[in-house]
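Have a look at protein.pdb below; it lists PDB, C-alpha atoms.
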ATOM      1  CA  ASP A  26     -55.315  39.629   6.446  1.00  0.00           C
ATOM      2  CA  THR A  27     -54.932  38.222   2.940  1.00  0.00           C
ATOM      3  CA  GLY A  28     -52.463  40.808   1.628  1.00  0.00           C
ATOM      4  CA  VAL A  29     -48.734  40.482   0.984  1.00  0.00           C
ATOM      5  CA  SER A  30     -46.724  40.146   4.170  1.00  0.00           C
ATOM      6  CA  GLN A  31     -43.012  40.644   4.765  1.00  0.00           C
ATOM      7  CA  ASN A  32     -40.753  39.797   7.663  1.00  0.00           C
ATOM      8  CA  PRO A  33     -38.953  41.275   9.384  1.00  0.00           C
ATOM      9  CA  ARG A  34     -40.250  44.829   9.050  1.00  0.00           C
ATOM     10  CA  HIS A  35     -36.949  46.292  10.166  1.00  0.00           C
ATOM     11  CA  LYS A  36     -33.445  44.878  10.218  1.00  0.00           C
ATOM     12  CA  ILE A  37     -30.282  46.521  11.491  1.00  0.00           C
ATOM     13  CA  THR A  38     -27.099  44.667  10.746  1.00  0.00           C
ATOM     14  CA  LYS A  39     -23.386  45.274  10.744  1.00  0.00           C
ATOM     15  CA  ARG A  40     -21.461  45.483   7.519  1.00  0.00           C
ATOM     16  CA  GLY A  41     -20.297  42.078   6.390  1.00  0.00           C
ATOM     17  CA  GLN A  42     -23.159  40.125   7.951  1.00  0.00           C
ATOM     18  CA  ASN A  43     -25.692  38.107   5.982  1.00  0.00           C
ATOM     19  CA  VAL A  44     -29.395  38.885   6.139  1.00  0.00           C
ATOM     20  CA  THR A  45     -32.482  37.079   4.885  1.00  0.00           C
ATOM     21  CA  PHE A  46     -35.927  38.509   4.295  1.00  0.00           C
ATOM     22  CA  ARG A  47     -39.163  36.651   3.746  1.00  0.00           C
ATOM     23  CA  CYS A  48     -42.189  37.495   1.623  1.00  0.00           C
ATOM     24  CA  ASP A  49     -45.568  35.758   1.676  1.00  0.00           C
ATOM     25  CA  PRO A  50     -47.578  36.759  -1.399  1.00  0.00           C
ATOM     26  CA  ILE A  51     -51.327  36.763  -1.875  1.00  0.00           C
ATOM     27  CA  SER A  52     -52.088  33.066  -2.045  1.00  0.00           C
ATOM     28  CA  GLU A  53     -53.608  32.843  -5.506  1.00  0.00           C
ATOM     29  CA  HIS A  54     -50.909  34.996  -7.143  1.00  0.00           C
ATOM     30  CA  ASN A  55     -48.309  33.029  -9.057  1.00  0.00           C
ATOM     31  CA  ARG A  56     -46.003  35.969  -9.752  1.00  0.00           C
ATOM     32  CA  LEU A  57     -43.782  37.425  -7.056  1.00  0.00           C
ATOM     33  CA  TYR A  58     -41.431  40.408  -7.367  1.00  0.00           C
ATOM     34  CA  TRP A  59     -38.648  41.926  -5.302  1.00  0.00           C
ATOM     35  CA  TYR A  60     -37.810  45.631  -5.467  1.00  0.00           C
ATOM     36  CA  ARG A  61     -35.439  47.915  -3.640  1.00  0.00           C
ATOM     37  CA  GLN A  62     -36.306  51.504  -2.844  1.00  0.00           C
ATOM     38  CA  THR A  63     -34.111  54.273  -1.503  1.00  0.00           C
ATOM     39  CA  LEU A  64     -35.183  57.719  -0.357  1.00  0.00           C
ATOM     40  CA  GLY A  65     -36.466  59.920  -3.148  1.00  0.00           C
ATOM     41  CA  GLN A  66     -36.464  57.134  -5.716  1.00  0.00           C
ATOM     42  CA  GLY A  67     -39.098  54.819  -7.069  1.00  0.00           C
ATOM     43  CA  PRO A  68     -38.895  51.089  -6.484  1.00  0.00           C
ATOM     44  CA  GLU A  69     -36.097  49.472  -8.517  1.00  0.00           C
ATOM     45  CA  PHE A  70     -36.785  46.015  -9.881  1.00  0.00           C
ATOM     46  CA  LEU A  71     -34.535  43.242  -8.569  1.00  0.00           C
ATOM     47  CA  THR A  72     -36.064  39.942  -9.641  1.00  0.00           C
ATOM     48  CA  TYR A  73     -39.304  38.093 -10.222  1.00  0.00           C
ATOM     49  CA  PHE A  74     -40.696  34.584 -10.048  1.00  0.00           C
ATOM     50  CA  GLN A  75     -43.462  32.799 -11.814  1.00  0.00           C
ATOM     51  CA  ASN A  76     -44.344  30.025  -9.417  1.00  0.00           C
ATOM     52  CA  GLU A  77     -40.969  28.620  -8.351  1.00  0.00           C
ATOM     53  CA  ALA A  78     -39.092  29.700 -11.486  1.00  0.00           C
ATOM     54  CA  GLN A  79     -36.939  32.814 -11.281  1.00  0.00           C
ATOM     55  CA  LEU A  80     -37.598  34.364 -14.684  1.00  0.00           C
ATOM     56  CA  GLU A  81     -35.721  37.631 -14.622  1.00  0.00           C
ATOM     57  CA  LYS A  82     -32.962  39.258 -12.619  1.00  0.00           C
ATOM     58  CA  SER A  83     -31.890  42.882 -12.754  1.00  0.00           C
ATOM     59  CA  ARG A  84     -28.297  43.945 -13.174  1.00  0.00           C
ATOM     60  CA  LEU A  85     -28.770  45.470  -9.712  1.00  0.00           C
ATOM     61  CA  LEU A  86     -28.853  41.953  -8.316  1.00  0.00           C
ATOM     62  CA  SER A  87     -25.159  41.380  -7.684  1.00  0.00           C
ATOM     63  CA  ASP A  88     -23.767  37.971  -6.823  1.00  0.00           C
ATOM     64  CA  ARG A  89     -24.181  38.840  -3.139  1.00  0.00           C
ATOM     65  CA  PHE A  90     -27.946  38.719  -3.600  1.00  0.00           C
ATOM     66  CA  SER A  91     -29.923  35.533  -4.021  1.00  0.00           C
ATOM     67  CA  ALA A  92     -33.642  34.931  -4.090  1.00  0.00           C
ATOM     68  CA  GLU A  93     -35.613  31.730  -3.899  1.00  0.00           C
ATOM     69  CA  ARG A  94     -39.198  30.634  -4.072  1.00  0.00           C
ATOM     70  CA  PRO A  95     -38.827  26.914  -3.483  1.00  0.00           C
ATOM     71  CA  LYS A  96     -42.448  25.797  -3.502  1.00  0.00           C
ATOM     72  CA  GLY A  97     -43.950  28.607  -5.489  1.00  0.00           C
ATOM     73  CA  SER A  98     -45.432  30.164  -2.373  1.00  0.00           C
ATOM     74  CA  PHE A  99     -43.290  32.301  -0.067  1.00  0.00           C
ATOM     75  CA  SER A 100     -39.970  33.751  -1.199  1.00  0.00           C
ATOM     76  CA  THR A 101     -36.730  34.662   0.528  1.00  0.00           C
ATOM     77  CA  LEU A 102     -34.172  37.280  -0.423  1.00  0.00           C
ATOM     78  CA  GLU A 103     -30.694  36.851   1.030  1.00  0.00           C
ATOM     79  CA  ILE A 104     -27.948  39.434   0.990  1.00  0.00           C
ATOM     80  CA  GLN A 105     -24.489  38.138   1.808  1.00  0.00           C
ATOM     81  CA  ARG A 106     -21.638  40.279   3.124  1.00  0.00           C
ATOM     82  CA  THR A 107     -23.837  43.330   3.463  1.00  0.00           C
ATOM     83  CA  GLU A 108     -22.481  46.750   2.564  1.00  0.00           C
ATOM     84  CA  GLN A 109     -23.655  50.170   3.675  1.00  0.00           C
ATOM     85  CA  GLY A 110     -24.976  50.769   0.155  1.00  0.00           C
ATOM     86  CA  ASP A 111     -27.436  47.932   0.690  1.00  0.00           C
ATOM     87  CA  SER A 112     -29.361  50.060   3.168  1.00  0.00           C
ATOM     88  CA  ALA A 113     -32.794  50.495   1.626  1.00  0.00           C
ATOM     89  CA  MET A 114     -36.401  49.412   1.801  1.00  0.00           C
ATOM     90  CA  TYR A 115     -36.865  45.981   0.242  1.00  0.00           C
ATOM     91  CA  LEU A 116     -40.347  45.597  -1.166  1.00  0.00           C
ATOM     92  CA  CYS A 117     -42.091  42.447  -2.266  1.00  0.00           C
ATOM     93  CA  ALA A 118     -45.112  42.427  -4.560  1.00  0.00           C
ATOM     94  CA  SER A 119     -47.316  39.798  -6.111  1.00  0.00           C
ATOM     95  CA  SER A 120     -49.698  39.687  -9.043  1.00  0.00           C
ATOM     96  CA  PRO A 121     -51.932  37.136 -10.740  1.00  0.00           C
ATOM     97  CA  GLY A 122     -50.321  37.675 -14.150  1.00  0.00           C
ATOM     98  CA  LEU A 123     -47.546  39.604 -15.848  1.00  0.00           C
ATOM     99  CA  ALA A 124     -49.630  42.537 -17.058  1.00  0.00           C
ATOM    100  CA  ASP A 125     -51.759  42.746 -13.942  1.00  0.00           C
ATOM    101  CA  GLU A 126     -51.476  45.227 -11.129  1.00  0.00           C
ATOM    102  CA  GLN A 127     -49.020  44.391  -8.383  1.00  0.00           C
ATOM    103  CA  TYR A 128     -49.872  44.380  -4.699  1.00  0.00           C
ATOM    104  CA  PHE A 129     -47.072  45.372  -2.400  1.00  0.00           C
ATOM    105  CA  GLY A 130     -46.152  44.221   1.054  1.00  0.00           C
ATOM    106  CA  PRO A 131     -45.158  46.703   3.775  1.00  0.00           C
ATOM    107  CA  GLY A 132     -41.466  46.218   3.049  1.00  0.00           C
ATOM    108  CA  THR A 133     -38.387  45.362   5.097  1.00  0.00           C
ATOM    109  CA  ARG A 134     -36.276  48.361   5.985  1.00  0.00           C
ATOM    110  CA  LEU A 135     -32.604  47.359   6.109  1.00  0.00           C
ATOM    111  CA  THR A 136     -29.984  49.487   7.806  1.00  0.00           C
ATOM    112  CA  VAL A 137     -26.363  48.426   7.459  1.00  0.00           C
ATOM    113  CA  THR A 138     -24.067  50.065  10.011  1.00  0.00           C
TER
ATOM    114  CA  ARG B  14     -32.109  57.671 -20.787  1.00  0.00           C
ATOM    115  CA  LYS B  15     -34.221  56.254 -17.978  1.00  0.00           C
ATOM    116  CA  GLU B  16     -37.088  53.931 -18.876  1.00  0.00           C
ATOM    117  CA  VAL B  17     -39.562  56.089 -16.992  1.00  0.00           C
ATOM    118  CA  GLU B  18     -39.201  59.737 -16.025  1.00  0.00           C
ATOM    119  CA  GLN B  19     -41.407  61.899 -13.878  1.00  0.00           C
ATOM    120  CA  ASP B  20     -41.372  65.518 -12.816  1.00  0.00           C
ATOM    121  CA  PRO B  21     -40.458  65.171  -9.135  1.00  0.00           C
ATOM    122  CA  GLY B  22     -42.393  68.297  -8.136  1.00  0.00           C
ATOM    123  CA  PRO B  23     -43.253  69.128  -5.505  1.00  0.00           C
ATOM    124  CA  PHE B  24     -46.649  70.363  -6.602  1.00  0.00           C
ATOM    125  CA  ASN B  25     -47.995  72.460  -3.776  1.00  0.00           C
ATOM    126  CA  VAL B  26     -51.691  73.214  -4.343  1.00  0.00           C
ATOM    127  CA  PRO B  27     -54.612  74.545  -2.277  1.00  0.00           C
ATOM    128  CA  GLU B  28     -57.564  72.368  -1.405  1.00  0.00           C
ATOM    129  CA  GLY B  29     -60.049  72.235  -4.219  1.00  0.00           C
ATOM    130  CA  ALA B  30     -57.501  72.909  -6.932  1.00  0.00           C
ATOM    131  CA  THR B  31     -56.781  70.734  -9.937  1.00  0.00           C
ATOM    132  CA  VAL B  32     -53.300  69.342 -10.352  1.00  0.00           C
ATOM    133  CA  ALA B  33     -51.915  67.367 -13.263  1.00  0.00           C
ATOM    134  CA  PHE B  34     -48.576  65.831 -14.066  1.00  0.00           C
ATOM    135  CA  ASN B  35     -47.007  63.554 -16.618  1.00  0.00           C
ATOM    136  CA  CYS B  36     -44.754  60.572 -16.852  1.00  0.00           C
ATOM    137  CA  THR B  37     -42.726  59.803 -19.976  1.00  0.00           C
ATOM    138  CA  TYR B  38     -41.554  56.363 -21.014  1.00  0.00           C
ATOM    139  CA  SER B  39     -38.818  55.391 -23.416  1.00  0.00           C
ATOM    140  CA  ASN B  40     -40.001  52.131 -24.967  1.00  0.00           C
ATOM    141  CA  SER B  41     -42.635  52.686 -27.624  1.00  0.00           C
ATOM    142  CA  ALA B  42     -43.657  49.019 -27.427  1.00  0.00           C
ATOM    143  CA  SER B  43     -44.768  49.312 -23.797  1.00  0.00           C
ATOM    144  CA  GLN B  44     -48.335  48.167 -23.319  1.00  0.00           C
ATOM    145  CA  SER B  45     -49.341  48.310 -19.688  1.00  0.00           C
ATOM    146  CA  PHE B  46     -49.311  51.313 -17.379  1.00  0.00           C
ATOM    147  CA  PHE B  47     -50.437  52.069 -13.840  1.00  0.00           C
ATOM    148  CA  TRP B  48     -50.425  54.877 -11.331  1.00  0.00           C
ATOM    149  CA  TYR B  49     -49.589  54.110  -7.705  1.00  0.00           C
ATOM    150  CA  ARG B  50     -49.649  56.356  -4.697  1.00  0.00           C
ATOM    151  CA  GLN B  51     -47.109  56.116  -1.936  1.00  0.00           C
ATOM    152  CA  ASP B  52     -47.376  57.757   1.437  1.00  0.00           C
ATOM    153  CA  CYS B  53     -44.266  58.581   3.425  1.00  0.00           C
ATOM    154  CA  ARG B  54     -42.463  55.410   4.557  1.00  0.00           C
ATOM    155  CA  LYS B  55     -45.307  53.188   3.340  1.00  0.00           C
ATOM    156  CA  GLU B  56     -45.577  50.756   0.460  1.00  0.00           C
ATOM    157  CA  PRO B  57     -46.951  51.801  -2.940  1.00  0.00           C
ATOM    158  CA  LYS B  58     -50.679  51.245  -3.349  1.00  0.00           C
ATOM    159  CA  LEU B  59     -52.433  50.908  -6.660  1.00  0.00           C
ATOM    160  CA  LEU B  60     -54.333  54.038  -7.626  1.00  0.00           C
ATOM    161  CA  MET B  61     -55.518  53.136 -11.107  1.00  0.00           C
ATOM    162  CA  SER B  62     -54.700  51.434 -14.354  1.00  0.00           C
ATOM    163  CA  VAL B  63     -54.166  53.533 -17.467  1.00  0.00           C
ATOM    164  CA  TYR B  64     -56.199  52.476 -20.474  1.00  0.00           C
ATOM    165  CA  SER B  65     -55.579  53.479 -24.060  1.00  0.00           C
ATOM    166  CA  SER B  66     -58.829  55.402 -24.225  1.00  0.00           C
ATOM    167  CA  GLY B  67     -58.230  57.191 -20.944  1.00  0.00           C
ATOM    168  CA  ASN B  68     -60.078  56.424 -17.763  1.00  0.00           C
ATOM    169  CA  GLU B  69     -61.563  58.136 -14.779  1.00  0.00           C
ATOM    170  CA  ASP B  70     -62.020  57.047 -11.194  1.00  0.00           C
ATOM    171  CA  GLY B  71     -63.846  59.644  -9.171  1.00  0.00           C
ATOM    172  CA  ARG B  72     -61.676  62.736  -9.018  1.00  0.00           C
ATOM    173  CA  PHE B  73     -58.773  61.040 -10.784  1.00  0.00           C
ATOM    174  CA  THR B  74     -58.283  60.884 -14.548  1.00  0.00           C
ATOM    175  CA  ALA B  75     -55.514  58.963 -16.284  1.00  0.00           C
ATOM    176  CA  GLN B  76     -54.595  59.354 -19.915  1.00  0.00           C
ATOM    177  CA  LEU B  77     -52.166  57.690 -22.291  1.00  0.00           C
ATOM    178  CA  ASN B  78     -50.544  59.461 -25.221  1.00  0.00           C
ATOM    179  CA  ARG B  79     -48.782  56.815 -27.283  1.00  0.00           C
ATOM    180  CA  ALA B  80     -47.552  59.206 -29.943  1.00  0.00           C
ATOM    181  CA  SER B  81     -45.622  61.277 -27.418  1.00  0.00           C
ATOM    182  CA  GLN B  82     -44.989  58.346 -25.082  1.00  0.00           C
ATOM    183  CA  TYR B  83     -46.367  59.721 -21.876  1.00  0.00           C
ATOM    184  CA  ILE B  84     -49.103  59.045 -19.380  1.00  0.00           C
ATOM    185  CA  SER B  85     -50.763  61.671 -17.257  1.00  0.00           C
ATOM    186  CA  LEU B  86     -52.677  61.884 -14.012  1.00  0.00           C
ATOM    187  CA  LEU B  87     -55.116  64.657 -13.190  1.00  0.00           C
ATOM    188  CA  ILE B  88     -56.590  65.169  -9.746  1.00  0.00           C
ATOM    189  CA  ARG B  89     -59.666  67.360  -9.492  1.00  0.00           C
ATOM    190  CA  ASP B  90     -60.987  69.023  -6.338  1.00  0.00           C
ATOM    191  CA  SER B  91     -57.828  68.162  -4.391  1.00  0.00           C
ATOM    192  CA  LYS B  92     -58.221  66.990  -0.803  1.00  0.00           C
ATOM    193  CA  LEU B  93     -55.685  67.179   1.993  1.00  0.00           C
ATOM    194  CA  SER B  94     -55.623  63.388   1.903  1.00  0.00           C
ATOM    195  CA  ASP B  95     -54.344  63.450  -1.684  1.00  0.00           C
ATOM    196  CA  SER B  96     -50.943  64.585  -0.387  1.00  0.00           C
ATOM    197  CA  ALA B  97     -48.593  61.781  -1.377  1.00  0.00           C
ATOM    198  CA  THR B  98     -46.022  60.724  -3.938  1.00  0.00           C
ATOM    199  CA  TYR B  99     -47.510  59.436  -7.172  1.00  0.00           C
ATOM    200  CA  LEU B 100     -45.537  56.767  -9.017  1.00  0.00           C
ATOM    201  CA  CYS B 101     -46.080  55.800 -12.605  1.00  0.00           C
ATOM    202  CA  VAL B 102     -45.293  52.268 -13.706  1.00  0.00           C
ATOM    203  CA  VAL B 103     -44.534  50.796 -17.084  1.00  0.00           C
ATOM    204  CA  ARG B 104     -45.778  47.394 -16.115  1.00  0.00           C
ATOM    205  CA  ASP B 105     -44.344  45.223 -18.862  1.00  0.00           C
ATOM    206  CA  LYS B 106     -40.902  46.678 -18.197  1.00  0.00           C
ATOM    207  CA  LEU B 107     -41.316  46.475 -14.426  1.00  0.00           C
ATOM    208  CA  SER B 108     -40.102  50.072 -14.294  1.00  0.00           C
ATOM    209  CA  PHE B 109     -41.246  52.689 -11.829  1.00  0.00           C
ATOM    210  CA  GLY B 110     -40.732  56.402 -12.084  1.00  0.00           C
ATOM    211  CA  ALA B 111     -39.088  58.211  -9.188  1.00  0.00           C
ATOM    212  CA  GLY B 112     -42.423  59.761  -8.257  1.00  0.00           C
ATOM    213  CA  THR B 113     -44.152  63.127  -8.258  1.00  0.00           C
ATOM    214  CA  THR B 114     -44.770  64.665  -4.853  1.00  0.00           C
ATOM    215  CA  VAL B 115     -48.082  66.435  -4.347  1.00  0.00           C
ATOM    216  CA  THR B 116     -48.846  68.493  -1.258  1.00  0.00           C
ATOM    217  CA  VAL B 117     -52.367  69.818  -0.801  1.00  0.00           C
ATOM    218  CA  ARG B 118     -52.595  72.682   1.679  1.00  0.00           C
ATOM    219  CA  ALA B 119     -55.619  73.913   3.586  1.00  0.00           C
TER
END

So, in terms of structure tokens, how does the structure I just supplied come out?
Amino acid sequence: DTGVSQNPRHKITKRGQNVTFRCDPISEHNRLYWYRQTLGQGPEFLTYFQNEAQLEKSRLLSDRFSAERPKGSFSTLEIQRTEQGDSAMYLCASSPGLADEQYFGPGTRLTVT
Amino acid sequence: RKEVEQDPGPFNVPEGATVAFNCTYSNSASQSFFWYRQDCRKEPKLLMSVYSSGNEDGRFTAQLNRASQYISLLIRDSKLSDSATYLCVVRDKLSFGAGTTVTVRA
């Protein structure tokens, strides 16, 4: 399968714990995006990378959130000191270029109890 | 005002009907638009790009109206399998609408 993959698919954690998600984009895509989606809403942009450079971050990305793409391939999204409001689907997407269509991974569903 | 706004629906239509809905965007400089479809608890999947001149892909037609700042999606001859949420995207702003829910009934 050469699509975007994300791990884990589901994560249940207690409030205050740290969590880390991984995204493996389509190999030839140099742009990688993170979104968050809650029920009844569209995906909300969090951040994106061109190769290893993080080029844009949303105001939604509080200082508890950090994303990396150290070698310009896979990316990780870490949430520190999770809160119940962080419960959402975290989606990763990749694209060849900025104006091109994005291909989404299956998402990581986070539940904070 | 939100960057992208959609009528949430739901649009409940019989098989074979035509259904159409719009998506408005706030930034007149936006250049790149797409429609995605999202099934319940699944990731969004690209449906089609939206070109300035309008474009068609089988039963689906997308149009762009720059003067009024909206894009539209029309589905002809609806199938049960068209039941989904349709998301519009202003690509250069990385902004998604909240989605329009379409339910096609037998």

*asked:* Counting only C-alpha atoms, a student should be able to say which residues of chain A come within 10 Å of chain B; what is the right answer, written as number ranges by chain?
replied: A: 58, 60, 62-73, 114-118, 123-132, 134

*So which residues get picked by the PyMOL selection byres ((chain B and resi 66) around 10) here, written as a list in words?*
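Written out, the selection comes to Val63, Tyr64, Ser65, Gly67, Asn68, Ala75, Gln76, Leu77 and Asn78 of chain B.
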
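Residue neighbourhood of Thr37 (chain B), excluding near-sequence residues (fewer than 3 positions): Val17, Glu18, Gln19, Gln82, Tyr83 and Ile84 of chain B, at 7 Å, using only C-alpha atoms.
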
Take the residues that were just selected and, keeping C-alpha atoms, output them as a tab-separated table (two decimals), in the frame of the given file.
chain	number	residue	atom	x	y	z
B	17	VAL	CA	-39.56	56.09	-16.99
B	18	GLU	CA	-39.20	59.74	-16.02
B	19	GLN	CA	-41.41	61.90	-13.88
B	82	GLN	CA	-44.99	58.35	-25.08
B	83	TYR	CA	-46.37	59.72	-21.88
B	84	ILE	CA	-49.10	59.04	-19.38

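Reported to one decimal place, the separation of CA of Lys15 (chain B) from CA of Val115 (chain B) is 21.9 Å.
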
_Point-to-point distance in Å for CA of Tyr38 (chain B) and CA of Pro23 (chain B)_ =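 So the answer is 20.2 Å.
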
*Could you state the separation of CA of Phe99 (chain A) and CA of Arg56 (chain A) in Å, given to one decimal place?*
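CA of Phe99 (chain A) sits 10.7 Å away from CA of Arg56 (chain A).
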
Give the centre and edge lengths of an axis-aligned box, in Å to one decimal, that holds all listed atoms of region 85-90 of chain B with 5 Å on each side, as AutoDock Vina command-line options.
--center_x -55.9 --center_y 65.3 --center_z -11.8 --size_x 20.2 --size_y 17.4 --size_z 20.9

*Spatial neighbours of Phe34 (chain B), max dist 7 Å, only C-alpha atoms, sep filter under 2 positions, as a PyMOL selection string*: chain B and resi 32+85-87
